[in-house]
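Dropping data.cif in here (mmCIF, C-alpha atoms):
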```cif
data_my_file
loop_
_atom_site.label_atom_id
_atom_site.label_comp_id
_atom_site.auth_asym_id
_atom_site.auth_seq_id
_atom_site.Cartn_x
_atom_site.Cartn_y
_atom_site.Cartn_z
CA MET A 652 -35.80 77.83 62.58
CA ILE A 653 -34.02 75.38 64.84
CA ILE A 654 -32.97 73.30 61.82
CA ASP A 655 -31.65 76.43 60.14
CA ASN A 656 -29.63 77.40 63.20
CA ILE A 657 -28.82 73.97 64.57
CA ARG A 658 -25.13 74.75 65.00
CA LEU A 659 -25.87 77.95 66.81
CA VAL A 660 -28.31 76.13 69.12
CA MET A 661 -25.66 73.49 69.85
CA LEU A 662 -23.09 76.19 70.60
CA VAL A 663 -25.49 78.00 72.94
CA LEU A 664 -26.32 74.74 74.75
CA LEU A 665 -22.63 73.90 75.07
CA LEU A 666 -21.86 77.33 76.49
CA VAL A 667 -24.84 77.19 78.86
CA ILE A 668 -23.70 73.86 80.30
CA LEU A 669 -20.07 75.02 80.55
CA GLN A 670 -21.09 78.28 82.21
CA PHE A 671 -23.41 76.54 84.63
CA MET A 672 -20.75 74.03 85.64
CA LEU A 673 -18.01 76.65 86.07
CA ASN A 674 -20.25 79.03 88.01
CA ASN A 675 -21.33 76.29 90.40
CA ILE A 676 -18.02 74.53 90.92
CA THR A 677 -15.71 77.58 91.05
CA ASN A 678 -16.05 81.01 92.62
CA LEU A 679 -16.08 82.61 89.20
CA TYR A 680 -19.20 84.14 87.75
CA LEU A 681 -18.73 83.78 84.03
CA ASP A 682 -21.00 85.16 81.34
CA LEU A 683 -20.13 82.94 78.39
CA VAL A 684 -23.52 83.26 76.69
CA GLY A 685 -23.15 87.01 77.07
CA ILE A 686 -19.85 86.83 75.21
CA LEU A 687 -21.53 84.80 72.47
CA LEU A 688 -24.24 87.45 72.34
CA VAL A 689 -21.67 90.18 71.76
CA VAL A 690 -19.85 88.09 69.16
CA CYS A 691 -23.11 87.49 67.32
CA LEU A 692 -23.99 91.17 67.47
CA MET A 693 -20.61 92.23 66.17
CA ASN A 694 -20.71 89.73 63.33
CA GLY A 695 -24.18 91.02 62.52
CA ALA A 696 -25.29 87.66 61.20
CA LEU A 697 -28.32 87.23 63.45
CA THR A 698 -31.76 88.78 63.50
CA VAL A 699 -33.14 90.70 66.46
CA LEU A 700 -35.26 87.69 67.44
CA HIS A 701 -32.12 85.58 67.73
CA LEU A 702 -30.49 88.21 69.92
CA VAL A 703 -33.55 88.44 72.18
CA ILE A 704 -33.69 84.67 72.64
CA ILE A 705 -29.97 84.36 73.39
CA ALA A 706 -30.17 87.35 75.77
CA LEU A 707 -33.01 85.70 77.71
CA VAL A 708 -31.10 82.40 77.83
CA ALA A 709 -28.05 84.28 79.14
CA ASP A 710 -30.15 85.88 81.87
CA LEU A 711 -31.90 82.67 82.81
CA PHE A 712 -28.78 80.54 83.22
CA GLY A 713 -26.49 83.24 84.55
CA TYR A 714 -28.50 84.33 87.61
CA TRP A 715 -28.86 87.88 86.28
CA TYR A 716 -32.20 89.60 86.35
CA ILE A 717 -34.24 88.60 83.30
CA GLY A 718 -33.98 91.43 80.80
CA GLU A 719 -30.56 92.79 81.76
CA HIS A 720 -28.76 91.29 78.80
CA LEU A 721 -31.57 92.41 76.53
CA VAL A 722 -31.28 96.00 77.67
CA ALA A 723 -27.49 95.89 77.42
CA ILE A 724 -27.36 94.33 73.97
CA MET A 725 -29.99 96.70 72.61
CA CYS A 726 -28.05 99.68 73.97
CA LEU A 727 -24.92 98.25 72.29
CA SER A 728 -26.73 97.72 69.01
CA CYS A 729 -27.73 101.38 69.13
CA ILE A 730 -24.10 102.41 69.63
CA PHE A 731 -22.55 100.09 67.06
CA SER A 732 -23.80 101.25 63.69
CA SER A 733 -23.73 99.51 60.30
CA ARG A 734 -20.43 101.22 59.49
CA MET A 735 -18.94 99.57 62.49
CA HIS A 736 -20.20 96.18 61.24
CA HIS A 737 -18.48 96.71 57.91
CA PHE A 738 -15.30 97.75 59.67
CA PHE A 739 -15.56 94.64 61.87
CA LYS A 740 -15.97 92.35 58.87
CA ILE A 741 -12.87 93.60 57.10
CA SER A 742 -10.76 93.52 60.27
CA ASN A 743 -8.26 90.78 61.03
CA PHE A 744 -8.56 88.42 64.00
CA LEU A 745 -6.75 90.57 66.56
CA LEU A 746 -8.69 93.70 65.70
CA LYS A 747 -11.94 91.74 65.83
CA MET A 748 -10.99 90.44 69.24
CA LEU A 749 -10.18 93.95 70.43
CA LEU A 750 -13.53 95.24 69.20
CA ILE A 751 -15.39 92.38 70.85
CA GLN A 752 -13.55 93.05 74.09
CA VAL A 753 -14.53 96.70 73.98
CA ALA A 754 -18.14 95.77 73.22
CA PHE A 755 -18.18 93.20 76.00
CA CYS A 756 -16.74 95.72 78.46
CA SER A 757 -19.50 98.13 77.48
CA MET A 758 -22.15 95.46 77.95
CA SER A 759 -20.67 94.45 81.32
CA PHE A 760 -20.66 98.08 82.39
CA ILE A 761 -24.36 98.47 81.51
CA ILE A 762 -25.18 95.26 83.39
CA TYR A 763 -23.04 96.45 86.33
CA VAL A 764 -24.95 99.74 86.46
CA LEU A 765 -28.28 97.89 86.31
CA ASN A 766 -27.13 95.56 89.09
CA LYS A 767 -26.11 98.52 91.21
CA ILE A 768 -29.49 100.13 90.69
CA PHE A 769 -31.39 96.97 91.57
CA ASN A 770 -29.06 95.92 94.42
CA ASN A 771 -27.98 92.68 92.82
CA HIS A 772 -24.64 91.05 93.67
CA SER A 773 -21.45 92.40 92.12
CA HIS A 774 -18.75 90.25 90.56
CA LEU A 775 -15.04 89.84 91.10
CA PHE A 776 -12.61 91.76 88.92
CA ILE A 777 -10.74 88.53 88.11
CA THR A 778 -13.90 87.19 86.48
CA TYR A 779 -13.95 90.04 83.99
CA ALA A 780 -10.23 89.62 83.34
CA ILE A 781 -10.61 85.88 82.67
CA GLN A 782 -13.52 86.48 80.35
CA LEU A 783 -11.67 89.17 78.40
CA ILE A 784 -8.35 87.37 78.09
CA ILE A 785 -9.33 83.71 77.85
CA PHE A 786 -12.94 83.19 76.89
CA ILE A 787 -13.49 85.94 74.32
CA PRO A 788 -10.77 84.64 71.92
CA ILE A 789 -11.90 81.04 72.42
CA ILE A 790 -15.55 81.79 71.74
CA GLN A 791 -14.66 83.97 68.80
CA ILE A 792 -12.57 81.20 67.23
CA VAL A 793 -15.26 78.60 67.92
CA TYR A 794 -17.91 80.88 66.47
CA GLU A 795 -15.95 81.49 63.29
CA LYS A 796 -15.16 77.79 62.81
CA PHE A 797 -18.50 76.45 63.95
CA ILE A 798 -21.08 78.78 62.42
CA PRO A 799 -21.08 78.72 58.62
CA ILE A 800 -20.77 82.04 56.81
CA LYS A 801 -23.86 83.01 54.88
CA SER A 802 -23.61 84.64 51.48
CA ARG A 803 -24.85 87.95 52.80
CA ASP A 804 -21.89 88.11 55.19
CA LEU A 805 -19.42 88.03 52.34
CA ILE A 806 -18.04 91.35 51.19
CA TRP A 807 -17.42 91.67 47.53
CA TYR A 808 -14.83 94.09 46.27
CA ASP A 809 -14.99 95.37 42.75
CA MET B 377 -30.91 107.27 64.00
CA ILE B 378 -31.98 104.65 66.48
CA LYS B 379 -34.61 102.31 65.17
CA PHE B 380 -37.94 102.50 66.96
CA TYR B 381 -38.18 98.79 67.84
CA LYS B 382 -34.90 98.95 69.76
CA ILE B 383 -36.37 101.47 72.16
CA TRP B 384 -39.34 99.17 72.62
CA LEU B 385 -37.01 96.27 73.31
CA ILE B 386 -35.04 98.32 75.86
CA CYS B 387 -38.32 99.24 77.58
CA LEU B 388 -39.32 95.56 77.46
CA GLY B 389 -35.99 94.60 79.04
CA ILE B 390 -36.37 97.13 81.85
CA SER B 391 -39.94 95.98 82.53
CA LEU B 392 -38.68 92.37 82.62
CA ILE B 393 -36.05 93.40 85.19
CA PHE B 394 -38.75 94.99 87.34
CA LEU B 395 -40.93 91.92 86.93
CA ASP B 396 -38.05 89.68 87.95
CA LYS B 397 -37.10 91.87 90.91
CA TYR B 398 -40.55 92.39 92.40
CA THR B 399 -42.31 89.07 91.73
CA VAL B 400 -41.63 85.45 92.67
CA ILE B 401 -39.83 84.71 89.40
CA SER B 402 -36.34 85.33 90.76
CA TYR B 403 -37.21 83.46 93.97
CA ILE B 404 -38.32 80.36 92.05
CA ARG B 405 -35.39 80.59 89.66
CA ASP B 406 -32.87 81.01 92.47
CA ASN B 407 -34.30 78.04 94.35
CA ILE B 408 -34.20 75.83 91.28
CA SER B 409 -30.68 76.92 90.44
CA ALA B 410 -29.55 76.43 94.04
CA PHE B 411 -31.03 72.92 94.03
CA ILE B 412 -29.37 72.03 90.74
CA GLY B 413 -26.14 73.67 91.91
CA SER B 414 -26.05 71.64 95.11
CA LYS B 415 -26.65 68.44 93.14
CA VAL B 416 -23.90 69.33 90.68
CA SER B 417 -21.48 70.06 93.55
CA LEU B 418 -22.40 66.80 95.28
CA TYR B 419 -21.87 64.66 92.20
CA SER B 420 -18.68 66.46 91.24
CA TYR B 421 -17.36 65.87 94.78
CA ARG B 422 -18.30 62.19 94.54
CA ILE B 423 -16.61 61.83 91.18
CA LYS B 424 -13.50 63.61 92.49
CA SER B 425 -13.30 61.54 95.67
CA TYR B 426 -14.06 58.20 93.97
CA THR B 427 -10.67 57.82 92.30
CA PRO B 428 -8.57 58.40 95.46
CA LEU B 429 -10.84 55.94 97.27
CA LEU B 430 -10.14 53.30 94.66
CA LEU B 431 -6.40 53.90 94.83
CA MET B 432 -6.31 53.95 98.62
CA ASN B 433 -4.48 51.00 100.15
CA VAL B 434 -5.75 48.82 102.99
CA ASP B 435 -3.89 50.65 105.79
CA GLN B 436 -5.34 53.99 104.79
CA GLN B 437 -8.81 52.47 104.62
CA GLN B 438 -8.36 51.02 108.11
CA ASP B 439 -7.15 54.39 109.43
CA LEU B 440 -10.17 56.01 107.89
CA ALA B 441 -12.47 53.43 109.50
CA LYS B 442 -10.82 54.04 112.90
CA GLN B 443 -11.22 57.79 112.57
CA ASN B 444 -14.82 57.26 111.59
CA ALA B 445 -15.45 55.08 114.66
CA THR B 446 -13.78 57.64 116.96
CA LEU B 447 -15.85 60.44 115.51
CA LYS B 448 -19.01 58.37 115.91
CA LYS B 449 -18.18 57.73 119.57
CA GLN B 450 -17.53 61.42 120.15
CA VAL B 451 -20.83 62.32 118.58
CA GLU B 452 -22.61 59.82 120.84
CA GLU B 453 -20.91 61.28 123.93
CA TYR B 454 -21.78 64.81 122.90
CA SER B 455 -25.37 63.83 122.29
CA LEU B 456 -25.46 62.32 125.79
CA LEU B 457 -24.10 65.53 127.29
CA LEU B 458 -26.62 67.52 125.29
CA GLN B 459 -29.47 65.42 126.58
CA GLN B 460 -28.11 65.86 130.09
CA SER B 461 -28.12 69.62 129.83
CA LYS B 462 -31.81 69.73 129.00
CA ASN B 463 -34.46 70.30 131.65
CA ALA B 464 -31.97 71.33 134.34
CA ASN B 465 -34.44 73.47 136.26
CA GLN B 466 -37.03 70.72 136.25
CA ASN B 467 -34.47 68.32 137.68
CA ILE B 468 -33.58 70.63 140.58
CA LYS B 469 -37.28 71.09 141.26
CA ASN B 470 -37.68 67.31 141.37
CA LEU B 471 -34.85 67.09 143.92
CA GLN B 472 -36.60 69.68 146.08
CA GLU B 473 -39.68 67.48 145.97
CA ILE B 474 -37.65 64.62 147.47
CA SER B 475 -36.66 66.71 150.42
CA ASP B 476 -40.17 68.06 150.90
CA TYR B 477 -42.26 64.93 150.75
CA ARG B 478 -40.35 61.72 150.75
CA LEU B 479 -37.26 61.88 152.88
CA GLN B 480 -37.10 61.33 156.54
CA SER B 481 -35.95 64.24 158.62
CA ASN B 482 -32.68 62.64 159.69
CA PHE B 483 -31.22 62.77 156.17
CA LYS B 484 -29.16 65.77 155.17
CA GLN B 485 -29.34 66.61 151.46
CA ILE B 486 -26.54 67.96 149.23
CA ILE B 487 -27.12 68.62 145.56
CA ALA B 488 -24.38 67.54 143.19
CA LYS B 489 -23.80 67.36 139.46
CA PRO B 490 -22.79 64.12 137.78
CA VAL B 491 -20.00 63.98 135.21
CA LEU B 492 -19.92 61.19 132.68
CA ASP B 493 -16.31 60.07 132.32
CA ILE B 494 -14.56 56.91 131.27
CA ASN B 495 -15.36 55.21 134.60
CA TYR B 496 -19.04 55.56 133.83
CA PHE B 497 -18.73 53.82 130.50
CA VAL B 498 -16.52 50.93 131.62
CA GLY B 499 -16.54 50.73 135.42
CA ASP B 500 -20.14 51.40 136.56
CA LYS B 501 -18.92 54.39 138.51
CA LEU B 502 -20.08 57.97 138.39
CA LEU B 503 -18.14 61.11 139.21
CA ILE B 504 -20.13 63.83 140.93
CA GLU B 505 -19.20 67.44 141.62
CA PHE B 506 -20.46 69.46 144.56
CA ASN B 507 -19.68 72.84 146.08
CA LYS B 508 -16.32 73.11 147.85
CA GLY B 509 -17.81 74.25 151.12
CA GLU B 510 -19.97 71.18 151.52
CA SER B 511 -18.76 67.94 152.99
CA VAL B 512 -19.74 64.51 151.77
CA SER B 513 -18.84 61.33 153.57
CA VAL B 514 -18.03 57.93 152.15
CA GLY B 515 -20.98 55.52 152.14
CA SER B 516 -23.66 58.15 151.69
CA ALA B 517 -26.54 57.44 149.34
CA VAL B 518 -26.86 59.17 146.00
CA VAL B 519 -30.43 59.47 144.81
CA ASN B 520 -32.64 61.15 142.29
CA LYS B 521 -36.37 61.82 142.30
CA ASP B 522 -36.95 58.66 140.31
CA GLY B 523 -34.87 56.40 142.50
CA ILE B 524 -31.49 55.30 143.77
CA VAL B 525 -28.32 56.08 141.84
CA GLY B 526 -25.66 54.53 144.06
CA GLN B 527 -23.35 54.98 147.02
CA ILE B 528 -20.32 57.22 147.60
CA LEU B 529 -17.07 55.31 147.18
CA SER B 530 -14.42 57.99 147.69
CA VAL B 531 -14.37 61.73 148.26
CA ASN B 532 -11.96 64.41 147.08
CA ASN B 533 -11.98 68.16 147.48
CA SER B 534 -15.09 68.92 145.49
CA THR B 535 -15.71 65.65 143.70
CA ALA B 536 -16.74 62.20 144.75
CA GLN B 537 -16.70 58.83 143.05
CA VAL B 538 -19.99 56.95 143.24
CA TYR B 539 -20.56 53.23 142.90
CA LEU B 540 -23.66 52.86 140.74
CA ILE B 541 -26.15 50.26 141.93
CA THR B 542 -25.26 48.21 138.88
CA ASN B 543 -21.65 47.88 140.08
CA PRO B 544 -20.88 44.29 141.19
CA ASN B 545 -19.42 45.64 144.47
CA VAL B 546 -22.77 47.07 145.54
CA LYS B 547 -25.36 45.07 147.46
CA ILE B 548 -28.65 46.61 148.40
CA TYR B 549 -31.57 45.42 150.46
CA LEU B 550 -34.86 45.81 148.59
CA GLN B 551 -38.52 44.98 148.84
CA ASN B 552 -41.22 44.31 146.31
CA THR B 553 -43.63 47.22 146.03
CA VAL B 554 -46.58 44.80 145.76
CA ASP B 555 -46.22 42.34 148.64
CA LYS B 556 -43.29 43.97 150.49
CA SER B 557 -41.26 40.74 150.38
CA LYS B 558 -37.58 41.46 151.07
CA VAL B 559 -34.73 40.50 148.72
CA LEU B 560 -31.03 41.23 148.45
CA ALA B 561 -29.91 42.58 145.08
CA GLN B 562 -26.38 42.84 143.78
CA GLY B 563 -25.05 44.81 140.86
CA ALA B 564 -24.19 42.67 137.89
CA GLY B 565 -22.63 45.24 135.56
CA ASN B 566 -23.90 45.97 132.09
CA ASN B 567 -26.71 48.15 133.51
CA SER B 568 -28.36 45.33 135.45
CA LEU B 569 -28.81 43.96 138.95
CA VAL B 570 -29.34 40.37 139.95
CA VAL B 571 -31.38 38.94 142.83
CA ARG B 572 -30.35 35.42 143.85
CA TYR B 573 -31.73 32.78 146.21
CA ILE B 574 -35.35 33.85 145.94
CA ASP B 575 -37.74 31.66 147.93
CA LYS B 576 -40.33 29.67 146.05
CA GLN B 577 -42.99 31.40 148.16
CA ASN B 578 -41.74 34.77 147.00
CA SER B 579 -43.90 35.69 144.04
CA LEU B 580 -41.47 37.95 142.19
CA LYS B 581 -42.73 38.48 138.67
CA VAL B 582 -41.44 40.21 135.57
CA GLY B 583 -42.37 43.89 135.68
CA ASP B 584 -42.37 44.19 139.48
CA ILE B 585 -40.74 47.28 140.90
CA LEU B 586 -38.23 46.90 143.73
CA GLU B 587 -37.82 49.73 146.23
CA THR B 588 -35.65 50.49 149.23
CA THR B 589 -36.77 49.15 152.56
CA GLY B 590 -35.50 51.94 154.82
CA LEU B 591 -34.19 49.32 157.24
CA ASP B 592 -30.56 50.16 156.59
CA ASP B 593 -29.10 53.49 157.59
CA VAL B 594 -27.92 54.30 154.08
CA TYR B 595 -31.03 54.66 151.94
CA PRO B 596 -34.38 56.16 152.94
CA GLY B 597 -37.35 53.85 152.46
CA GLY B 598 -39.73 53.87 149.50
CA LEU B 599 -37.37 55.00 146.78
CA LYS B 600 -37.61 52.97 143.59
CA VAL B 601 -34.50 51.06 142.55
CA ALA B 602 -35.09 48.55 139.78
CA ARG B 603 -37.62 46.77 137.63
CA VAL B 604 -37.60 42.97 137.25
CA THR B 605 -37.01 41.93 133.65
CA LYS B 606 -36.40 38.20 133.94
CA VAL B 607 -37.05 35.48 136.52
CA PHE B 608 -35.46 32.05 136.11
CA THR B 609 -34.67 28.93 138.15
CA GLU B 610 -31.02 28.12 138.75
CA ASN B 611 -29.45 24.67 139.18
CA ASN B 612 -29.39 25.02 142.98
CA GLY B 613 -33.20 25.04 143.09
CA PHE B 614 -33.61 28.71 143.94
CA ASP B 615 -35.00 31.33 141.66
CA SER B 616 -32.97 34.29 140.43
CA ALA B 617 -34.14 37.54 138.90
CA VAL B 618 -32.47 40.03 136.62
CA CYS B 619 -33.46 43.66 137.08
CA VAL B 620 -32.67 46.93 135.36
CA PRO B 621 -32.42 50.26 137.22
CA VAL B 622 -35.41 52.58 136.95
CA ILE B 623 -33.03 55.47 136.36
CA ASP B 624 -31.28 56.04 133.07
CA PHE B 625 -27.89 57.13 134.44
CA SER B 626 -26.87 58.77 131.19
CA GLN B 627 -29.78 61.19 131.48
CA LEU B 628 -28.93 62.45 134.97
CA GLN B 629 -28.77 66.18 135.34
CA TYR B 630 -28.50 66.69 139.12
CA VAL B 631 -28.38 64.18 141.93
CA SER B 632 -28.84 64.44 145.65
CA VAL B 633 -26.37 63.08 148.19
CA LEU B 634 -28.15 61.95 151.35
CA GLU B 635 -26.23 61.73 154.60
CA ASN B 636 -27.82 60.03 157.52
CA ASP B 637 -27.22 62.03 160.72
CA ASN B 638 -27.73 58.91 162.86
CA ARG B 639 -24.78 57.04 161.34
#
```

Could the structure of this file be written out as structure tokens, please?
Amino acid sequence: MIIDNIRLVMLVLLLVILQFMLNNITNLYLDLVGILLVVCLMNGALTVLHLVIIALVADLFGYWYIGEHLVAIMCLSCIFSSRMHHFFKISNFLLKMLLIQVAFCSMSFIIYVLNKIFNNHSHLFITYAIQLIIFIPIIQIVYEKFIPIKSRDLIWYD
Amino acid sequence: MIKFYKIWLICLGISLIFLDKYTVISYIRDNISAFIGSKVSLYSYRIKSYTPLLLMNVDQQQDLAKQNATLKKQVEEYSLLLQQSKNANQNIKNLQEISDYRLQSNFKQIIAKPVLDINYFVGDKLLIEFNKGESVSVGSAVVNKDGIVGQILSVNNSTAQVYLITNPNVKIYLQNTVDKSKVLAQGAGNNSLVVRYIDKQNSLKVGDILETTGLDDVYPGGLKVARVTKVFTENNGFDSAVCVPVIDFSQLQYVSVLENDNR
């Protein structure tokens, strides 16, 4: 499975290292793996097992409670139906980015609520703004360039 | 229609959150991440500060070395003051013991507090502070429970300057605690006293303790002053001995000024 998804594994590792460095050196509290999780979900190219693994990695290296990303992404996957996936696939870059931003905001809101319930620390507003404006487009571009499109992702028009 | 496995996964996620919150998992993870985080910060700081260090010119490096030396000296002084401030009550109790058991009745006792200033470090002098109402006269002895500190040199309103016994201007008449043979010791600076012109019959050995005789009107008898560290023969045929005070002056908390009423 690792050989099949070697590029995805490399991207996750890269994001984990980047996130860890930025979170430790700066005052920001970035959730780059979480963004990747949302991007993967929206593209619909990954299985549930992939999503679970990436969600646990995001929790483990982001100092969130283990399971928060899993709950959030599963709630999102319930909301975003297969019609939404088709709409996402035929959208252009800007619309895709907008949809990912909305999805990420929803996921952040679920995590925020969970953190409030379990008395975990809250994050700065600037962190969310930076993630939405800077990191979501970057990760989306990297994902599209880095991860090869499988035949099932192609939409054929008659 | 929500698929059934998603509900299971949400339940699994919530149970994982509970597990993380109420077991040692988060504690271990936070400790590991804090450790790695501190290491990352340390190495990033080193990497950041390495380049300016390389580009720094000689003058800046010398300035930095000077600042470092000054800071080191300040830390040493503060550590001395810190050591001084410890066991204050015990020290006052010790001074009370002097007045109870060891002093003769014709000595009046005033308790004072020493202050380590620049004169202590370079001039073998000690500044002491006492209450304004009390009067201290020049030439009085300054002692501690462990032994002699020195003699009053000058007096101000509530402070007095004390010549330590290691000051070259101080001479003090002493006797060996073993055979009571009398010698005259003089301060030699650098935390030492020297005894010159020792008779060949005088069996002063390394490790002997010298104490006050009580024959002068300044110091009461039987208080320890110094320990002999070296005995050697000089060119004039007499022996000389180097001694170190029994008191560590940097550790003084309170001292007692003794005034002889008979003087």

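When only C-alpha atoms are used to measure the gap to chain B, the shortest distance among A:Met672, A:Ile792, A:Met661, A:Met693 belongs to A:Met672.
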
For chain B, work out the contacting residues on chain A at 7 Å, counting only C-alpha atoms, and write them as a ChimeraX atom specification.
/A:675-676,716-719,721-722,725,729

One decimal, in Å: what's the spacing between atom CA of Leu440 of chain B and atom CA of Tyr454 of chain B?
20.9 Å

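Matched in the shown structure by the PyMOL selection byres ((chain B and resi 604) around 7): Lys581, Val582, Gly583, Asp584, Ile585, Ala602, Arg603, Thr605, Lys606, Ala617, Val618, Cys619 and Val620 of chain B.
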
Restricting it to C-alpha atoms, dump the selection as a PDB file, in the coordinates of the input.
```
ATOM      1  CA  LYS B 581     -42.730  38.480 138.670  1.00  0.00           C
ATOM      2  CA  VAL B 582     -41.440  40.210 135.570  1.00  0.00           C
ATOM      3  CA  GLY B 583     -42.370  43.890 135.680  1.00  0.00           C
ATOM      4  CA  ASP B 584     -42.370  44.190 139.480  1.00  0.00           C
ATOM      5  CA  ILE B 585     -40.740  47.280 140.900  1.00  0.00           C
ATOM      6  CA  ALA B 602     -35.090  48.550 139.780  1.00  0.00           C
ATOM      7  CA  ARG B 603     -37.620  46.770 137.630  1.00  0.00           C
ATOM      8  CA  THR B 605     -37.010  41.930 133.650  1.00  0.00           C
ATOM      9  CA  LYS B 606     -36.400  38.200 133.940  1.00  0.00           C
ATOM     10  CA  ALA B 617     -34.140  37.540 138.900  1.00  0.00           C
ATOM     11  CA  VAL B 618     -32.470  40.030 136.620  1.00  0.00           C
ATOM     12  CA  CYS B 619     -33.460  43.660 137.080  1.00  0.00           C
ATOM     13  CA  VAL B 620     -32.670  46.930 135.360  1.00  0.00           C
TER      14      VAL B 620
END
```

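Residues lying within 7 Å of Gln537 of chain B, counting only C-alpha atoms and ignoring same-chain neighbours fewer than 5 positions away, are Lys501, Leu502, Leu503, Ile504, Ile528, Leu529, Ser530 and Val531 of chain B.
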
Sphere at (-36.1, 59.1, 141.5), radius 10 Å, counting all atoms listed in the file: residues as a ChimeraX atom specification
/B:470-471,474,519-525,599-601,622-623,631-632

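Here atom CA of Glu505 of chain B and atom CA of Lys489 of chain B stand 5.1 Å from one another.
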
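Pairwise distance (atom CA of Val546 of chain B, atom CA of Ser516 of chain B) equals 12.7 Å.
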
For the structure shown, which residues end up in the PyMOL selection byres ((chain B and resi 510) around 10)? Put them as a count of residues only, please?
10

I need the output of the PyMOL selection byres ((chain B and resi 572) around 8) for this file as a PyMOL selection string; which residues are they?
chain B and resi 560-561+570-571+573-574+614-617

Within 8 Å of segment 699-703 of chain A, counting all atoms listed in the file, which residues qualify if same-chain residues fewer than 3 places away don't, as a PDB file with C-alpha atoms, keeping the file's coordinate frame?
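Result went into result.pdb, see below:
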```pdb
ATOM      1  CA  LEU A 688     -24.240  87.450  72.340  1.00  0.00           C
ATOM      2  CA  CYS A 691     -23.110  87.490  67.320  1.00  0.00           C
ATOM      3  CA  LEU A 692     -23.990  91.170  67.470  1.00  0.00           C
ATOM      4  CA  ALA A 706     -30.170  87.350  75.770  1.00  0.00           C
ATOM      5  CA  LEU A 707     -33.010  85.700  77.710  1.00  0.00           C
ATOM      6  CA  LEU A 721     -31.570  92.410  76.530  1.00  0.00           C
ATOM      7  CA  ILE A 724     -27.360  94.330  73.970  1.00  0.00           C
TER       8      ILE A 724
END
```

What are the centre and the three edge lengths of an axis-aligned box that wraps all atoms of segment 609-612 of chain B in the file, given that 3 Å is added to every side, written as JSON and rounded to one decimal in Å?
```
{"center_x": -32.0, "center_y": 26.8, "center_z": 140.6, "size_x": 11.3, "size_y": 10.3, "size_z": 10.8}
```

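With all atoms listed in the file as the basis for measurement, B:Pro490 is the residue among B:Pro490, B:Gly565, B:Gly598, B:Gly515 that approaches Thr535 of chain B most closely.
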
Please provide the set of residues having any atom within 9 Å of Ile668 of chain A, restricted to all atoms listed in the file, with same-chain residues fewer than 5 positions apart removed, written as a short mmCIF file (atom, residue, chain, number, x, y, z; two decimals) with C-alpha atoms, keeping the file's coordinate frame.
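Ended up saving to result_39.cif:
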```
data_model
loop_
_atom_site.label_atom_id
_atom_site.label_comp_id
_atom_site.auth_asym_id
_atom_site.auth_seq_id
_atom_site.Cartn_x
_atom_site.Cartn_y
_atom_site.Cartn_z
CA VAL A 663 -25.49 78.00 72.94
CA LEU A 673 -18.01 76.65 86.07
CA PHE A 712 -28.78 80.54 83.22
#
```

With N, CA and C atoms as the target, complete segment 667-677 of chain A and hand it back as an mmCIF file, in the frame of the given file.
```cif
data_model
loop_
_atom_site.group_PDB
_atom_site.id
_atom_site.type_symbol
_atom_site.label_atom_id
_atom_site.label_comp_id
_atom_site.auth_asym_id
_atom_site.auth_seq_id
_atom_site.Cartn_x
_atom_site.Cartn_y
_atom_site.Cartn_z
ATOM 1 N N VAL A 667 -23.984 77.157 77.664
ATOM 2 C CA VAL A 667 -24.840 77.190 78.860
ATOM 3 C C VAL A 667 -24.377 76.154 79.877
ATOM 4 N N ILE A 668 -24.133 74.934 79.388
ATOM 5 C CA ILE A 668 -23.700 73.860 80.300
ATOM 6 C C ILE A 668 -22.343 74.211 80.918
ATOM 7 N N LEU A 669 -21.407 74.668 80.057
ATOM 8 C CA LEU A 669 -20.070 75.020 80.550
ATOM 9 C C LEU A 669 -20.145 76.141 81.593
ATOM 10 N N GLN A 670 -20.945 77.144 81.284
ATOM 11 C CA GLN A 670 -21.090 78.280 82.210
ATOM 12 C C GLN A 670 -21.711 77.846 83.531
ATOM 13 N N PHE A 671 -22.727 77.013 83.417
ATOM 14 C CA PHE A 671 -23.410 76.540 84.630
ATOM 15 C C PHE A 671 -22.467 75.739 85.520
ATOM 16 N N MET A 672 -21.693 74.846 84.876
ATOM 17 C CA MET A 672 -20.750 74.030 85.640
ATOM 18 C C MET A 672 -19.692 74.915 86.315
ATOM 19 N N LEU A 673 -19.095 75.812 85.529
ATOM 20 C CA LEU A 673 -18.010 76.650 86.070
ATOM 21 C C LEU A 673 -18.526 77.573 87.179
ATOM 22 N N ASN A 674 -19.714 78.126 86.994
ATOM 23 C CA ASN A 674 -20.250 79.030 88.010
ATOM 24 C C ASN A 674 -20.585 78.301 89.312
ATOM 25 N N ASN A 675 -20.967 77.025 89.189
ATOM 26 C CA ASN A 675 -21.330 76.290 90.400
ATOM 27 C C ASN A 675 -20.134 75.669 91.092
ATOM 28 N N ILE A 676 -19.159 75.228 90.315
ATOM 29 C CA ILE A 676 -18.020 74.530 90.920
ATOM 30 C C ILE A 676 -16.989 75.543 91.428
ATOM 31 N N THR A 677 -16.727 76.593 90.648
ATOM 32 C CA THR A 677 -15.710 77.580 91.050
ATOM 33 C C THR A 677 -16.372 78.824 91.638
#
```
